[in-house]
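Scroll down for the structure; my scribbles are underneath it.
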Amino acid sequence: MCIKQEGRLEILPLRVSFDKPPVGRRHVQVLSERIPKQFAADVLAWIEKLERVQRLKVRRIAIDAPSDYCRPGSKRRAAEQSLAEDRINCIATPSEAQFRSKILACRRFLAHDGKANRLPNANQLWMLVGFELFRTLKGRYECIETYPQAVVHQLKCAAHHKSTKRGLQRQIVAAAQVLGVSATEIRARLQTMGYGSTHDRLDAFLSAWVASLDDRDRKAFGTPPDDAIWVPRC
């Protein structure tokens, strides 16, 4: 969560000043339609409480997940195809029918004593949670889709992956320039903003930054408004 004050973007230190946010579930539990719906409802309730307690109004939310299934008959979403044309890799989003088949395959795998850590299609099941977040949060807030990997491509600091020490440092330096602070200070702010690994927190900040930008300061990969991934216009 970030707030604009006098043109500057400030990271809210919610880890030390507010309730812990809802926690995601394991891939196996996501196979139940109820779990993603409950998680999205819990996230909505958390944000609404944040607004009341902190006396804030959330203007826009950027979500690092596909907003919807791939359209039937299409090989890829327009947003993902646009990323590919710019040589930015991403995991393809299946159609609704393809997802139903994948879920059935997962259930058969588990029914035959398959190990949860070898669950097929695990790299796509998290998308089901993203769909529910969009459906639930869009009822109250403006929500846009973003993709931190595309954001760092725009910032010209994607040569090394964020999971490496060098890659993470380059991305932190770029984020520090966005805030107008030192890399040391951005690391300190990331520690108080929330939970997870440093690179996950950095992804969260970059997503919030995209959400904070005016329309003229961001651009879309794909076809707005429903099949687009938003990044800063650099």
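Naming works like this for the structure tokens: A, B, ... for the chains as they're shown, residue 1 at the start of each chain, ligands 1 onward in shown order.
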Please identify which residues in stretch 101-136 of chain A DSSP calls alpha helix (DSSP H) from the backbone, and express them as an MDAnalysis selection string. chainID A and resid 101:111 122:125 127:136
Determine, counting only C-alpha atoms, which protein, DNA and RNA residues have an atom within 12 Å of an atom of A:Lys156; residues of the same chain fewer than 4 positions away are not included. Present the result as a list in words.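 Those residues are Gln149, Ala150, Val151, Val152, His160, Gly167, Arg170, Gln171, Val173, Ala174, Ala175, Pro232 and Cys234 of chain A.
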Select, from A:Arg71, A:Pro66, A:Trp230, A:Leu56, the residue with the minimum atom-to-atom distance to A:Arg216, counting only C-alpha atoms.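 Once distances to A:Arg216 are computed over only C-alpha atoms, the minimum belongs to A:Trp230.
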Hey, what's within 10 Å of A:Ala40 if we count only C-alpha atoms and toss same-chain stuff fewer than 4 positions away? As a ChimeraX atom specification, please? /A:22,24,35-36,44-46,129-137
Skipping near chain neighbours, those fewer than 2 positions away, what residues fall within 9 Å of stretch 17-21 of chain A using only C-alpha atoms, listed as a list in words?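 Once the adjacent positions are removed, what remains is Leu12, Pro13, Leu14, Arg15, Val23, Asp42, Val43, Trp46, Ile47, Leu50, Val53, Gln54, Thr192, Gly194 and Tyr195 of chain A.
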